[in-house]
Each structure stands twice: as C-alpha cells, then as structure tokens.
$ cat query03.txt   # compact mmCIF, C-alpha atoms
# COMPACT_ATOMS: atom_id res chain seq x y z
CA MET M 182 -17.34 11.52 -10.78
CA THR M 183 -20.40 11.56 -12.98
CA ALA M 184 -22.65 9.23 -10.94
CA ALA M 185 -23.38 9.03 -7.22
CA LYS M 186 -20.99 6.60 -5.52
CA PRO M 187 -21.78 4.60 -2.36
CA PHE M 188 -19.11 6.47 -0.38
CA ALA M 189 -19.92 8.28 2.85
CA LYS M 190 -19.42 12.03 3.15
CA ARG M 191 -16.41 12.99 5.28
CA LEU M 192 -18.03 14.70 8.26
CA SER M 193 -15.46 14.62 11.07
CA ILE M 194 -11.97 13.34 11.86
CA GLU M 195 -13.48 10.88 14.33
CA GLN M 196 -15.83 9.47 11.68
CA VAL M 197 -13.03 9.17 9.12
CA GLU M 198 -10.53 7.56 11.51
CA GLU M 199 -12.77 5.51 13.80
CA GLY M 200 -15.95 5.01 11.78
CA ALA M 201 -17.23 1.92 10.00
CA VAL M 202 -18.13 3.47 6.65
CA LEU M 203 -15.99 3.96 3.57
CA ALA M 204 -15.36 7.69 3.07
CA PRO M 205 -12.34 7.83 0.76
CA LYS M 206 -10.41 11.01 0.05
CA PHE M 207 -9.21 11.20 -3.52
CA GLY M 208 -6.42 13.66 -4.27
CA PRO M 209 -6.79 16.82 -6.35
CA ASP M 210 -5.96 14.62 -9.38
CA GLY M 211 -8.81 12.23 -8.46
CA PHE M 212 -6.49 9.40 -7.39
CA LEU M 213 -5.74 7.32 -4.29
CA PRO M 214 -2.39 5.51 -3.97
CA VAL M 215 -2.72 1.72 -3.76
CA VAL M 216 -0.29 -0.93 -2.58
CA THR M 217 -0.95 -4.52 -3.64
CA THR M 218 0.46 -7.51 -1.77
CA ASP M 219 0.34 -11.25 -2.38
CA ALA M 220 -2.18 -12.43 0.24
CA SER M 221 -0.34 -15.69 0.88
CA THR M 222 3.30 -14.49 1.03
CA GLY M 223 2.84 -10.86 2.11
CA GLU M 224 5.19 -9.76 -0.68
CA VAL M 225 4.54 -6.29 -2.10
CA LEU M 226 3.72 -6.84 -5.78
CA MET M 227 3.14 -3.30 -7.04
CA MET M 228 2.00 0.22 -6.29
CA GLY M 229 -0.54 2.07 -8.38
CA VAL M 230 -3.43 4.48 -8.18
CA MET M 231 -7.21 4.19 -8.28
CA ASN M 232 -9.85 6.73 -9.12
CA ALA M 233 -13.39 6.32 -7.74
CA GLU M 234 -14.44 4.09 -10.63
CA ALA M 235 -11.43 1.77 -10.24
CA LEU M 236 -12.10 1.42 -6.50
CA LEU M 237 -15.77 0.61 -7.10
CA GLN M 238 -14.99 -1.87 -9.88
CA THR M 239 -12.45 -3.57 -7.61
CA ILE M 240 -15.02 -3.87 -4.81
CA ARG M 241 -17.82 -5.05 -7.09
CA THR M 242 -15.98 -7.47 -9.37
CA GLY M 243 -13.45 -8.89 -6.89
CA GLU M 244 -10.65 -8.25 -9.39
CA ALA M 245 -8.09 -5.45 -9.12
CA HIS M 246 -8.76 -2.36 -11.22
CA TYR M 247 -6.42 0.62 -11.29
CA TRP M 248 -6.15 3.87 -13.20
CA SER M 249 -3.37 3.64 -15.77
CA ARG M 250 -1.56 6.97 -15.84
CA SER M 251 0.59 5.92 -18.81
CA ARG M 252 -2.45 4.96 -20.89
CA ASN M 253 -4.87 7.40 -19.23
CA CYS M 254 -7.68 4.85 -18.83
CA LEU M 255 -9.33 2.46 -16.39
CA TRP M 256 -7.06 -0.58 -16.15
CA HIS M 257 -8.37 -4.05 -15.42
CA LYS M 258 -5.06 -5.60 -14.34
CA GLY M 259 -4.40 -8.78 -16.31
CA ALA M 260 -6.74 -7.97 -19.19
CA THR M 261 -3.75 -8.05 -21.56
CA SER M 262 -1.36 -10.41 -19.77
CA GLY M 263 -3.86 -12.82 -18.20
CA LEU M 264 -2.21 -12.09 -14.82
CA ILE M 265 -5.52 -11.24 -13.09
CA GLN M 266 -5.36 -10.20 -9.41
CA LYS M 267 -8.22 -11.78 -7.41
CA VAL M 268 -9.10 -9.66 -4.37
CA VAL M 269 -8.75 -11.37 -1.00
CA GLU M 270 -9.15 -8.23 1.13
CA ILE M 271 -9.35 -4.46 0.65
CA ARG M 272 -7.97 -2.32 3.48
CA ILE M 273 -8.25 1.45 3.89
CA ASP M 274 -5.90 3.56 5.99
CA ASP M 275 -6.58 5.83 8.98
CA ASP M 276 -7.47 8.99 7.05
CA GLN M 277 -8.90 6.97 4.13
CA ASP M 278 -6.62 8.32 1.43
CA ALA M 279 -4.70 5.09 0.67
CA VAL M 280 -5.69 1.51 -0.15
CA TRP M 281 -4.00 -1.82 0.63
CA LEU M 282 -5.14 -4.60 -1.68
CA ARG M 283 -4.40 -8.22 -0.68
CA VAL M 284 -4.68 -10.44 -3.76
CA SER M 285 -3.96 -13.84 -5.24
CA VAL M 286 -2.45 -13.67 -8.71
CA THR M 287 -3.23 -16.00 -11.58
CA GLY M 288 0.19 -17.03 -12.89
CA GLY M 289 1.93 -15.75 -9.78
CA ALA M 290 3.44 -12.61 -11.33
CA SER M 291 2.47 -8.92 -11.46
CA CYS M 292 5.37 -7.03 -13.03
CA HIS M 293 5.50 -6.00 -16.69
CA VAL M 294 9.26 -6.68 -16.74
CA GLY M 295 8.52 -10.37 -16.05
CA TYR M 296 9.30 -10.62 -12.36
CA ARG M 297 6.88 -11.82 -9.66
CA SER M 298 6.98 -8.45 -7.89
CA CYS M 299 7.78 -5.02 -9.31
CA PHE M 300 10.14 -4.66 -6.33
CA TYR M 301 12.80 -7.14 -7.50
CA ARG M 302 15.80 -5.02 -6.48
CA ALA M 303 17.07 -3.85 -3.08
CA VAL M 304 19.47 -1.06 -2.16
CA SER M 305 22.76 -2.82 -1.43
CA PRO M 306 23.64 -2.88 2.28
CA ASP M 307 26.86 -0.93 1.61
CA GLY M 308 24.93 2.21 0.69
CA ASN M 309 28.03 4.34 0.37
CA SER M 310 28.87 3.73 -3.29
CA ASP M 311 28.27 6.54 -5.79
CA PRO M 312 25.93 5.87 -7.50
CA ILE M 313 24.22 3.70 -4.88
CA ALA M 314 24.17 0.04 -5.95
CA LEU M 315 21.19 -2.31 -6.25
CA THR M 316 21.05 -6.08 -5.70
CA PHE M 317 18.52 -8.34 -7.44
CA THR M 318 16.19 -10.19 -5.06
CA GLU M 319 14.61 -12.48 -7.68
CA ALA M 320 16.99 -14.88 -9.42
CA GLU M 321 14.96 -15.24 -12.61
CA LYS M 322 11.86 -13.89 -14.34
CA ALA M 323 8.50 -15.59 -13.76
CA PHE M 324 7.45 -15.11 -17.40
CA ASP M 325 8.77 -13.82 -20.72
CA PRO M 326 7.41 -10.29 -21.17
CA VAL M 327 7.90 -10.33 -24.94
CA ALA M 328 5.78 -13.49 -25.26
CA VAL M 329 3.07 -12.00 -23.02
CA TYR M 330 2.97 -8.35 -24.11
CA GLY M 331 4.39 -8.58 -27.65
CA ASP M 332 5.16 -5.12 -28.93
CA ALA M 333 2.79 -3.21 -26.58
CA PRO M 334 4.45 0.05 -25.48
CA ASN M 335 6.58 -0.18 -22.32
CA PRO M 336 5.00 1.94 -19.55
CA THR M 337 8.36 2.91 -18.04
CA GLN M 338 9.30 6.53 -18.72
CA LEU M 339 12.70 8.14 -18.29
CA MET X 2 17.93 19.36 -4.55
CA THR X 3 20.69 21.67 -3.47
CA ALA X 4 23.59 19.17 -3.32
CA ALA X 5 24.68 16.39 -5.66
CA LYS X 6 23.10 13.10 -4.69
CA PRO X 7 24.63 9.65 -5.29
CA PHE X 8 21.84 8.69 -7.69
CA ALA X 9 22.56 7.53 -11.23
CA LYS X 10 21.26 9.49 -14.23
CA ARG X 11 18.37 7.78 -16.01
CA LEU X 12 19.87 6.91 -19.39
CA SER X 13 17.68 4.15 -20.86
CA ILE X 14 14.67 2.00 -20.02
CA GLU X 15 16.94 -1.05 -19.89
CA GLN X 16 19.26 0.63 -17.37
CA VAL X 17 16.34 1.77 -15.20
CA GLU X 18 14.53 -1.59 -15.26
CA GLU X 19 17.40 -4.09 -15.41
CA GLY X 20 20.36 -2.14 -14.07
CA ALA X 21 22.12 -2.38 -10.71
CA VAL X 22 22.31 1.31 -9.83
CA LEU X 23 19.80 3.47 -8.00
CA ALA X 24 18.29 5.98 -10.45
CA PRO X 25 15.09 7.14 -8.75
CA LYS X 26 12.44 9.18 -10.53
CA PHE X 27 10.86 11.75 -8.23
CA GLY X 28 7.52 13.19 -9.31
CA PRO X 29 6.95 16.78 -10.46
CA ASP X 30 6.31 17.55 -6.76
CA GLY X 31 9.70 16.05 -5.81
CA PHE X 32 8.22 12.98 -4.10
CA LEU X 33 8.28 9.20 -4.42
CA PRO X 34 5.48 7.10 -2.91
CA VAL X 35 6.67 4.69 -0.20
CA VAL X 36 5.02 1.64 1.31
CA THR X 37 6.35 0.41 4.63
CA THR X 38 5.85 -3.15 5.87
CA ASP X 39 6.74 -4.96 9.08
CA ALA X 40 9.72 -7.10 8.03
CA SER X 41 8.73 -9.99 10.27
CA THR X 42 4.96 -10.19 9.65
CA GLY X 43 4.70 -8.67 6.16
CA GLU X 44 1.89 -6.42 7.38
CA VAL X 45 1.59 -3.07 5.59
CA LEU X 46 2.12 -0.44 8.26
CA MET X 47 1.75 2.82 6.34
CA MET X 48 2.15 4.65 3.06
CA GLY X 49 3.98 7.94 2.74
CA VAL X 50 6.28 9.90 0.47
CA MET X 51 9.99 10.66 0.35
CA ASN X 52 11.89 13.43 -1.33
CA ALA X 53 15.55 12.92 -2.28
CA GLU X 54 16.76 13.99 1.16
CA ALA X 55 14.41 11.60 2.99
CA LEU X 56 15.52 8.69 0.80
CA LEU X 57 19.19 9.48 1.42
CA GLN X 58 18.70 9.91 5.17
CA THR X 59 16.86 6.57 5.26
CA ILE X 60 19.72 4.83 3.43
CA ARG X 61 22.46 6.49 5.49
CA THR X 62 20.95 6.32 8.99
CA GLY X 63 19.09 3.00 8.72
CA GLU X 64 15.97 4.67 10.16
CA ALA X 65 12.89 5.59 8.12
CA HIS X 66 12.63 9.23 7.06
CA TYR X 67 9.69 10.58 5.07
CA TRP X 68 8.51 13.96 3.87
CA SER X 69 5.59 15.14 5.98
CA ARG X 70 3.09 16.83 3.68
CA SER X 71 0.93 17.94 6.62
CA ARG X 72 3.87 19.63 8.36
CA ASN X 73 5.86 20.41 5.17
CA CYS X 74 9.16 19.16 6.56
CA LEU X 75 11.56 16.22 6.63
CA TRP X 76 10.06 13.68 9.03
CA HIS X 77 12.19 11.29 11.06
CA LYS X 78 9.44 8.79 11.88
CA GLY X 79 9.31 8.21 15.64
CA ALA X 80 11.10 11.42 16.63
CA THR X 81 7.96 12.51 18.53
CA SER X 82 6.36 9.17 19.42
CA GLY X 83 9.48 7.05 19.98
CA LEU X 84 8.09 4.57 17.44
CA ILE X 85 11.29 4.50 15.34
CA GLN X 86 11.29 2.31 12.20
CA LYS X 87 14.61 0.46 11.81
CA VAL X 88 15.32 -0.34 8.16
CA VAL X 89 15.72 -4.04 7.33
CA GLU X 90 15.63 -3.64 3.54
CA ILE X 91 14.93 -0.92 0.96
CA ARG X 92 13.42 -2.09 -2.33
CA ILE X 93 12.88 -0.04 -5.50
CA ASP X 94 10.35 -0.89 -8.19
CA ASP X 95 10.82 -1.61 -11.90
CA ASP X 96 10.77 1.99 -13.17
CA GLN X 97 12.31 3.29 -9.90
CA ASP X 98 9.50 5.65 -8.96
CA ALA X 99 8.29 3.83 -5.81
CA VAL X 100 9.97 2.49 -2.66
CA TRP X 101 9.15 -0.51 -0.47
CA LEU X 102 10.64 -0.20 3.01
CA ARG X 103 10.84 -3.33 5.20
CA VAL X 104 11.28 -2.29 8.84
CA SER X 105 11.17 -3.40 12.43
CA VAL X 106 9.31 -0.99 14.69
CA THR X 107 10.29 -0.04 18.22
CA GLY X 108 7.08 -0.45 20.21
CA GLY X 109 5.44 -2.42 17.39
CA ALA X 110 3.10 0.33 16.18
CA SER X 111 3.20 2.90 13.38
CA CYS X 112 -0.21 4.60 13.25
CA HIS X 113 -0.96 7.98 14.83
CA VAL X 114 -4.45 6.75 15.79
CA GLY X 115 -2.83 4.15 18.05
CA TYR X 116 -3.12 1.02 15.95
CA ARG X 117 -0.24 -1.22 14.89
CA SER X 118 -0.90 -0.52 11.19
CA CYS X 119 -2.60 2.47 9.58
CA PHE X 120 -4.65 -0.10 7.64
CA TYR X 121 -6.79 -1.33 10.57
CA ARG X 122 -10.07 -1.50 8.62
CA ALA X 123 -11.20 -3.64 5.68
CA VAL X 124 -14.05 -3.16 3.23
CA SER X 125 -16.77 -5.53 4.45
CA PRO X 126 -17.21 -8.58 2.21
CA ASP X 127 -20.82 -7.62 1.49
CA GLY X 128 -19.77 -4.57 -0.51
CA ASN X 129 -23.30 -3.70 -1.59
CA SER X 130 -24.35 -1.48 1.32
CA ASP X 131 -24.65 2.26 0.72
CA PRO X 132 -22.42 3.67 2.07
CA ILE X 133 -20.02 0.74 1.85
CA ALA X 134 -19.25 -0.68 5.31
CA LEU X 135 -15.88 -1.21 6.98
CA THR X 136 -14.83 -3.90 9.48
CA PHE X 137 -12.06 -3.40 12.05
CA THR X 138 -9.13 -5.80 11.67
CA GLU X 139 -7.38 -4.85 14.92
CA ALA X 140 -9.33 -5.54 18.11
CA GLU X 141 -7.61 -2.87 20.21
CA LYS X 142 -5.10 -0.05 19.98
CA ALA X 143 -1.41 -0.77 20.55
CA PHE X 144 -0.88 2.52 22.41
CA ASP X 145 -2.80 5.54 23.70
CA PRO X 146 -2.30 8.34 21.13
CA VAL X 147 -3.19 11.06 23.65
CA ALA X 148 -0.47 9.85 26.02
CA VAL X 149 2.07 9.67 23.17
CA TYR X 150 1.25 12.76 21.10
CA GLY X 151 -0.47 14.97 23.69
CA ASP X 152 -2.13 17.91 21.97
CA ALA X 153 -0.01 17.81 18.78
CA PRO X 154 -2.22 18.60 15.76
CA ASN X 155 -3.89 15.57 14.14
CA PRO X 156 -2.53 15.11 10.59
CA THR X 157 -5.86 13.81 9.24
CA GLN X 158 -7.66 16.32 7.03
CA LEU X 159 -11.25 16.25 5.87

$ encode --input "query03.txt" --output "structure tokens"
Amino acid sequence: MTAAKPFAKRLSIEQVEEGAVLAPKFGPDGFLPVVTTDASTGEVLMMGVMNAEALLQTIRTGEAHYWSRSRNCLWHKGATSGLIQKVVEIRIDDDQDAVWLRVSVTGGASCHVGYRSCFYRAVSPDGNSDPIALTFTEAEKAFDPVAVYGDAPNPTQL
Amino acid sequence: MTAAKPFAKRLSIEQVEEGAVLAPKFGPDGFLPVVTTDASTGEVLMMGVMNAEALLQTIRTGEAHYWSRSRNCLWHKGATSGLIQKVVEIRIDDDQDAVWLRVSVTGGASCHVGYRSCFYRAVSPDGNSDPIALTFTEAEKAFDPVAVYGDAPNPTQL
C-alpha cells in the first residue's frame, strides 16, 4: 500500500471480532478472498480476491473491483464484457480476512464461460465413480463468450 | 497426496471448463478456497479451504470437512461444537479451483464467535468515515461460544 487507507489498525481480537470498524487482514500476498452472490437470488456467482485498492474502489464506486491474478492488475469487473456488478452490500467476516459481496449484475451473468454463475456444475450424488462425475446445473449459457470477449486470452490455466 | 484420488487429470481447458468429470486444481499450498452457504436461506455462512483429503471426506461422508490453517489439521466442522454441516450440494467453478458447498447446519450456526454466519457485519452505506464503519446484521448471537468451546484457543489472529 502506497497511500494511507481508511482501515482501522488491528488492536485486539475483541475489536476485530466485535468492533464496528473495518480492520481488514490482507494475506502475505496482499489479498483477501471474496465471494460474490446475486443479491436477489442468493446464488454464488464467483470467487476472487481483492487487494486494499480493489476493496476501497469497490466501497467508493459501488461497483465490484477485484485483483486479477491472471492479468496481474486491478480488475473492474465488467469493463470488458459490460457485465458490471453493482454493489448491494459488502460484508466482512469475523476475523476480517474475507469479504462477501452481494451484487446485482447488469446482463445477469458473471462467468467468462458464458454461464450465469461460475459454479454451473455439481458433484454428482453418486460420488463413487472414478473419476468423480459432475452434473450441469445450468441448462444453457446466458451469453456467447466469443461474441463478448472475442479473442481475449482465456484466464483458465491447467 | 499419498494415495491415488478419484480426480481426473487436467488435460485441456475445454475439459476443465465444459467437461463432466471432477478435475480440481489445488494451489501451490495444496488448498482450494471454499464458500459455504445455508442451502435453505442462501446466506453465506463461512469461507475456508480444503485440501484433497478434505474434499474427498466431504464427498464421501456428506459432512463438511475443511483444512484448519490455524490448527494445521483436517477439520471435521462441528466435531467440537456439534454444529455439523450436512452437505446438500457440492459445486465446482469454471476452472475447478474453488468449491461452493450448500449445507444444512445442525443448530443453525457456523461461526465460532456465536453468530449464525461469520459474515455478521456489513460496511456501513456511508463509506466515507475514517476508519470505515461497520454495521451489525445479526441482532444477537445464536449460541454462547464460551459454553460451546470452553477455553479452546480462539482461531482469530491479529
């Protein structure tokens, strides 16, 4: 962090767990894990990370910002795709090292593969197959990723 | 990993993103991030991590297992508190490096501080105070943590 941020210093476990000031704990890599849900349906849309700047930008602009580890830059979600996430509520967990973002999504989708949620597959109830099988939970894509992203590099890594 | 696990090898981006076999990608530390929600209300209860063994135990037993980084051991959630998380559904994300667990919770609470959810505070809508203020979203605790955990060490670290 190069500039002072309006975060409280972490002084005691009681203050962190029971206090009314934001005192986030970023990991050794400078990141907090974030889970983002659709505020109206409760569906988990995606998981990501924020550094201090992304958290502040999210609070100040009311639009979700993350740190992109694949592109190694601040990531204003939707800047490329138009699928902006408008912040409805920002929650912090007990020890203030994780964020829950409740959002409404322009266009209704958040996943680069084209689905509404990144979590479009479930472990099949008969979990005894080898390899373990997955079942799709979304019947069709919400948008065409090629039309939206063109030939931008796919962030998925093997 | 000491034994072969029933996970598929990651062969291509198409297989990982659009395939019907579980091919999880654990981080360099051996962990996947996990978000756990209440299957009936959609509320985010907690975030944690799983190693391969925790993911397999969760699939095979139908009860949430995590890796406890504070205790450095496999963690059968609820073994101490009785607040067992019964698995309703296990989702995996697009690139298979994050898990969404939908559960029902014995006793209705998941947070060691005594609240229903670990995310019992929200960033106040007037995000311009310094430090930034938090507002409680749960009016009272669901259980008394002292009665449940006694003098077990608090996992929160400054």

$ residues_around --input "query03.txt" --residues "Ala53 of chain X" --least-positions-apart "3" --cutoff "10 Å" --atoms "all atoms listed in the file" --output "ChimeraX atom specification"
/X:2,6,8,25-27,31-33,56-59,67-68

$ closest_residue --input "query03.txt" --among "X:Cys119, X:Val50, X:Ala80, X:Ala143" --to "Glu198 of chain M" --atoms "all atoms listed in the file"
X:Cys119

$ atom_distance --input "query03.txt" --atom1 "atom CA of Asp210 of chain M" --atom2 "atom CA of Met231 of chain M"
10.6 Å

$ calpha_fit_and_write --input "query03.txt" --fixed "chain X" --moving "chain M" --output "tab-separated table (two decimals) with C-alpha atoms, keeping the file's coordinate frame"
chain	number	residue	atom	x	y	z
M	182	MET	CA	17.90	19.29	-4.68
M	183	THR	CA	20.62	21.67	-3.62
M	184	ALA	CA	23.54	19.20	-3.39
M	185	ALA	CA	24.68	16.41	-5.71
M	186	LYS	CA	23.09	13.10	-4.70
M	187	PRO	CA	24.63	9.66	-5.29
M	188	PHE	CA	21.84	8.70	-7.70
M	189	ALA	CA	22.56	7.53	-11.23
M	190	LYS	CA	21.27	9.48	-14.22
M	191	ARG	CA	18.36	7.78	-16.00
M	192	LEU	CA	19.87	6.92	-19.38
M	193	SER	CA	17.69	4.16	-20.86
M	194	ILE	CA	14.68	2.00	-20.02
M	195	GLU	CA	16.95	-1.04	-19.90
M	196	GLN	CA	19.26	0.63	-17.37
M	197	VAL	CA	16.35	1.77	-15.21
M	198	GLU	CA	14.54	-1.59	-15.26
M	199	GLU	CA	17.41	-4.08	-15.40
M	200	GLY	CA	20.39	-2.14	-14.06
M	201	ALA	CA	22.13	-2.39	-10.71
M	202	VAL	CA	22.30	1.31	-9.83
M	203	LEU	CA	19.79	3.47	-8.00
M	204	ALA	CA	18.30	5.98	-10.45
M	205	PRO	CA	15.09	7.15	-8.75
M	206	LYS	CA	12.44	9.20	-10.51
M	207	PHE	CA	10.86	11.76	-8.24
M	208	GLY	CA	7.53	13.21	-9.33
M	209	PRO	CA	6.96	16.80	-10.44
M	210	ASP	CA	6.33	17.57	-6.74
M	211	GLY	CA	9.72	16.05	-5.81
M	212	PHE	CA	8.22	12.99	-4.10
M	213	LEU	CA	8.28	9.20	-4.43
M	214	PRO	CA	5.47	7.10	-2.91
M	215	VAL	CA	6.66	4.70	-0.20
M	216	VAL	CA	5.02	1.65	1.31
M	217	THR	CA	6.35	0.41	4.65
M	218	THR	CA	5.85	-3.16	5.87
M	219	ASP	CA	6.74	-4.95	9.09
M	220	ALA	CA	9.72	-7.10	8.04
M	221	SER	CA	8.73	-9.98	10.30
M	222	THR	CA	4.95	-10.18	9.68
M	223	GLY	CA	4.70	-8.68	6.18
M	224	GLU	CA	1.88	-6.41	7.38
M	225	VAL	CA	1.59	-3.07	5.58
M	226	LEU	CA	2.12	-0.43	8.28
M	227	MET	CA	1.76	2.82	6.34
M	228	MET	CA	2.15	4.65	3.06
M	229	GLY	CA	3.98	7.94	2.73
M	230	VAL	CA	6.27	9.91	0.46
M	231	MET	CA	9.98	10.65	0.35
M	232	ASN	CA	11.88	13.43	-1.32
M	233	ALA	CA	15.55	12.92	-2.26
M	234	GLU	CA	16.76	13.99	1.18
M	235	ALA	CA	14.40	11.60	3.00
M	236	LEU	CA	15.53	8.70	0.80
M	237	LEU	CA	19.20	9.48	1.41
M	238	GLN	CA	18.71	9.90	5.16
M	239	THR	CA	16.86	6.57	5.27
M	240	ILE	CA	19.72	4.84	3.43
M	241	ARG	CA	22.45	6.47	5.49
M	242	THR	CA	20.97	6.32	8.99
M	243	GLY	CA	19.10	3.00	8.74
M	244	GLU	CA	15.98	4.66	10.15
M	245	ALA	CA	12.90	5.60	8.12
M	246	HIS	CA	12.64	9.23	7.05
M	247	TYR	CA	9.70	10.58	5.08
M	248	TRP	CA	8.51	13.95	3.86
M	249	SER	CA	5.59	15.15	5.98
M	250	ARG	CA	3.09	16.83	3.68
M	251	SER	CA	0.93	17.96	6.61
M	252	ARG	CA	3.87	19.64	8.36
M	253	ASN	CA	5.84	20.41	5.18
M	254	CYS	CA	9.18	19.17	6.57
M	255	LEU	CA	11.57	16.23	6.65
M	256	TRP	CA	10.07	13.68	9.04
M	257	HIS	CA	12.19	11.30	11.07
M	258	LYS	CA	9.44	8.79	11.90
M	259	GLY	CA	9.31	8.20	15.65
M	260	ALA	CA	11.09	11.41	16.64
M	261	THR	CA	7.96	12.49	18.54
M	262	SER	CA	6.36	9.16	19.43
M	263	GLY	CA	9.49	7.05	19.99
M	264	LEU	CA	8.08	4.56	17.44
M	265	ILE	CA	11.28	4.50	15.34
M	266	GLN	CA	11.28	2.31	12.20
M	267	LYS	CA	14.62	0.46	11.82
M	268	VAL	CA	15.32	-0.36	8.17
M	269	VAL	CA	15.72	-4.04	7.34
M	270	GLU	CA	15.63	-3.65	3.55
M	271	ILE	CA	14.93	-0.94	0.97
M	272	ARG	CA	13.41	-2.09	-2.33
M	273	ILE	CA	12.89	-0.04	-5.48
M	274	ASP	CA	10.36	-0.87	-8.19
M	275	ASP	CA	10.83	-1.60	-11.90
M	276	ASP	CA	10.78	1.99	-13.16
M	277	GLN	CA	12.31	3.30	-9.90
M	278	ASP	CA	9.51	5.66	-8.95
M	279	ALA	CA	8.29	3.84	-5.81
M	280	VAL	CA	9.97	2.50	-2.67
M	281	TRP	CA	9.15	-0.51	-0.46
M	282	LEU	CA	10.64	-0.20	3.01
M	283	ARG	CA	10.83	-3.33	5.20
M	284	VAL	CA	11.27	-2.28	8.83
M	285	SER	CA	11.18	-3.40	12.44
M	286	VAL	CA	9.31	-0.99	14.70
M	287	THR	CA	10.28	-0.06	18.23
M	288	GLY	CA	7.06	-0.46	20.21
M	289	GLY	CA	5.42	-2.43	17.43
M	290	ALA	CA	3.09	0.33	16.19
M	291	SER	CA	3.19	2.90	13.37
M	292	CYS	CA	-0.20	4.60	13.25
M	293	HIS	CA	-0.95	7.98	14.83
M	294	VAL	CA	-4.44	6.76	15.77
M	295	GLY	CA	-2.83	4.15	18.05
M	296	TYR	CA	-3.14	1.02	15.96
M	297	ARG	CA	-0.24	-1.23	14.88
M	298	SER	CA	-0.91	-0.54	11.20
M	299	CYS	CA	-2.60	2.46	9.59
M	300	PHE	CA	-4.65	-0.11	7.65
M	301	TYR	CA	-6.80	-1.33	10.56
M	302	ARG	CA	-10.07	-1.48	8.61
M	303	ALA	CA	-11.20	-3.64	5.68
M	304	VAL	CA	-14.05	-3.17	3.22
M	305	SER	CA	-16.77	-5.53	4.43
M	306	PRO	CA	-17.22	-8.58	2.19
M	307	ASP	CA	-20.85	-7.60	1.48
M	308	GLY	CA	-19.77	-4.56	-0.52
M	309	ASN	CA	-23.29	-3.71	-1.61
M	310	SER	CA	-24.35	-1.48	1.29
M	311	ASP	CA	-24.66	2.26	0.70
M	312	PRO	CA	-22.42	3.68	2.06
M	313	ILE	CA	-20.01	0.74	1.85
M	314	ALA	CA	-19.25	-0.67	5.31
M	315	LEU	CA	-15.87	-1.21	6.97
M	316	THR	CA	-14.84	-3.90	9.47
M	317	PHE	CA	-12.06	-3.39	12.04
M	318	THR	CA	-9.14	-5.81	11.67
M	319	GLU	CA	-7.38	-4.86	14.93
M	320	ALA	CA	-9.33	-5.54	18.12
M	321	GLU	CA	-7.62	-2.88	20.22
M	322	LYS	CA	-5.10	-0.05	19.98
M	323	ALA	CA	-1.40	-0.78	20.55
M	324	PHE	CA	-0.88	2.52	22.41
M	325	ASP	CA	-2.79	5.53	23.70
M	326	PRO	CA	-2.31	8.33	21.16
M	327	VAL	CA	-3.18	11.06	23.66
M	328	ALA	CA	-0.45	9.85	26.05
M	329	VAL	CA	2.08	9.66	23.19
M	330	TYR	CA	1.25	12.74	21.11
M	331	GLY	CA	-0.45	14.98	23.70
M	332	ASP	CA	-2.11	17.89	21.98
M	333	ALA	CA	0.01	17.80	18.77
M	334	PRO	CA	-2.21	18.58	15.76
M	335	ASN	CA	-3.89	15.57	14.13
M	336	PRO	CA	-2.54	15.11	10.58
M	337	THR	CA	-5.85	13.80	9.22
M	338	GLN	CA	-7.64	16.32	7.01
M	339	LEU	CA	-11.25	16.22	5.87

$ residues_around --input "query03.txt" --residues "Leu84 of chain X" --least-positions-apart "5" --cutoff "12 Å" --atoms "only C-alpha atoms" --output "VMD selection string"
chain X and resid 64 to 65 77 to 79 104 to 113 115 to 117 143 to 144 146 149 to 150

$ atom_distance --input "query03.txt" --atom1 "atom CA of Arg241 of chain M" --atom2 "atom CA of Ile133 of chain X"
10.9 Å
